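Undergrad: Sharing a structure, written as structure tokens. Questions coming.
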Amino acid sequence: MRNKKIIRYQIFDDDRAGGILLMIAAALAMIVANSPLALYYNMLIDTPVEIRVGTFEISKPLLLWINDGLMAVFFLAIGLELKREVLEGELSNPKKVILPLAGALGGMIVPALIYIIFNYKDPVAMNGWAIPTATDIAFALGILMLLGKRVPVGLKVFLASLAIFDDIGAIVIIAIFYTSELSTSALSVSLAMILLLYLLNKKGATEITTYGFIGLILWVAVLKSGVHATLAGVILAFFIPYKSTHQEEKGRSPLKELERDLDKSVTYVILPLFAFTNASVILSNISFEALMHPIPLGIGLGLFIGKQFGIFTFCWLSVKLGIAKLPQGMNWQLLYGVSLLAGIGFTMSLFIASLSFEKSGINLLFDERLGILVGSILSGVSGYFVLKFALYKNQKQL
């Protein structure tokens, strides 16, 4: 019995587990959506869920509670990781920041341009220009981990740093381009909650429950303000204290504690649940004509071609210009393989896609999901084999 428990814990501590679980959730969504259970699947995600206090109410289908609510927790985890990396991690060293920053910029600019080339004539389709700019770090790192211990540490750090900058870019894009009509009163409440979080942080408060309660009010206010509710998670993360200033709590890091507490919930519950409710594609509708539609074509090529070209080219230029250098144990072949892996958009691409077309009045969900799945699969498979060959070649030369 004890050995079984040890094996179970080792599985959940494996870096590959999150990516594998996401794949299973996405596959399960497609299986269910193409089976007689599709009716019940749609009924489930469309189930209205309502919270009412007096005249105040929040009423949304279950799908949007996941996309707006649970994904806010995901963004909180991202925000905590960003803050920690800036204060003590890879992003605290300016010399190590330039290469992944350059790669992330290229990996956002080029895919967006490819999508725009195919869709600039359609104003509604243009709402989705940011879909291929995202990288799914859980999937990408999961596939990288499948290659085992031969993967240099520098390669893992580069991919993680690239994904962090990619997340920053996604947060900025969502804040600027996917904000609807603003409510002045809700924004005022949001600002009041931010001020309260600032004062708590300034006074050295370390009780996570207090921050969480204020963060919940902030989430509701941001939700009602017209700004996307997930940004409340990032804002809250910014005010979580990195270190306790109290003598009796010396050495304690509330930020690291919360990050650790959220890790498994985000990896094994929130992201798989998001994938299951957002990744369904009706396979009977797939045809060459559907693949050639400007929306899936722009997304698929943006992820598969745009990501690898943008990341590799911008990194190559930064090295040749002398403003950055390749990490130890990394060469151009390995960089190209990682550039391919970064074309796995999946979770974040699906999320941006839901923001792009949810209020358009036109059902473009099939188009966007098809492009995301095809582009991500091509990027993941080709990236895996390029890296496998490059690592085998390196091992042979040693």
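Residues are referred to by chain and number: the chain letter is A, B, ... according to the order shown in the structure tokens, the number counts from 1 in that chain, and ligands are numbered separately from 1 in the order shown.
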Give me the stretch 277-352 of chain A side of the contact with stretch 388-393 of chain A, cut-off 12 Å, one line per residue showing its nearest atom pair and distance in Å at one decimal, counting only C-alpha atoms, sorted by chain and residue number, as a Markdown table.
TA:
| residue | atom | partner | partner_atom | distance |
| --- | --- | --- | --- | --- |
| A:Gly329 | CA | A:Leu391 | CA | 10.4 |
| A:Met330 | CA | A:Leu391 | CA | 10.0 |
| A:Asn331 | CA | A:Ala390 | CA | 9.0 |
| A:Trp332 | CA | A:Ala390 | CA | 9.4 |
| A:Gln333 | CA | A:Ala390 | CA | 6.0 |
| A:Leu334 | CA | A:Ala390 | CA | 6.2 |
| A:Leu335 | CA | A:Ala390 | CA | 9.8 |
| A:Tyr336 | CA | A:Ala390 | CA | 9.6 |
| A:Gly337 | CA | A:Ala390 | CA | 8.2 |
| A:Val338 | CA | A:Ala390 | CA | 10.9 |
Undergrad: Would you list the contacts of stretch 19-35 of chain A as a ChimeraX atom specification, taking every protein, DNA or RNA residue within 9 Å and counting only C-alpha atoms, but skipping same-chain residues closer than 5 positions in sequence?
TA: /A:41-42,137-143,267-268,271-284,347
Undergrad: Please report as a Markdown table every residue of stretch 113-135 of chain A lying within 12 Å of stretch 166-182 of chain A, along with the nearest atom pair and their distance in Å (one decimal), using only C-alpha atoms.
TA:
| residue | atom | partner | partner_atom | distance |
| --- | --- | --- | --- | --- |
| A:Met126 | CA | A:Phe177 | CA | 11.6 |
| A:Asn127 | CA | A:Phe177 | CA | 8.9 |
| A:Gly128 | CA | A:Tyr178 | CA | 10.3 |
| A:Trp129 | CA | A:Phe177 | CA | 10.3 |
| A:Ala130 | CA | A:Ile173 | CA | 7.6 |
| A:Ile131 | CA | A:Ala170 | CA | 9.5 |
| A:Pro132 | CA | A:Ala170 | CA | 10.7 |
| A:Thr133 | CA | A:Ala170 | CA | 7.9 |
| A:Ala134 | CA | A:Asp166 | CA | 6.4 |
| A:Thr135 | CA | A:Asp166 | CA | 6.6 |
Undergrad: Please extract the residues of stretch 311-375 of chain A with a backbone DSSP assignment of alpha helix (DSSP H) and present them as a VMD selection string.
TA: chain A and resid 311 to 320 332 to 341 346 to 357 365 to 375
Undergrad: Work out how far atom CA of A:Gly306 is from atom CA of A:Ala125, in Å to one decimal.
TA: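 Atom-to-atom, atom CA of A:Ala125 to atom CA of A:Gly306, that is 18.1 Å.
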Undergrad: Rank nothing, just name the residue among A:Val151, A:Leu262, A:Leu70, A:Leu291 nearest to A:Gly371, using only C-alpha atoms.
TA: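 Among A:Val151, A:Leu262, A:Leu70, A:Leu291, it is A:Leu291 that comes nearest to A:Gly371.
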Undergrad: Quick one: of A:Gly212, A:Pro241, A:Pro48, A:Pro296, who's nearest to A:Val73, counting only C-alpha atoms?
TA: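 Of all the options, A:Gly212 lies closest to A:Val73.
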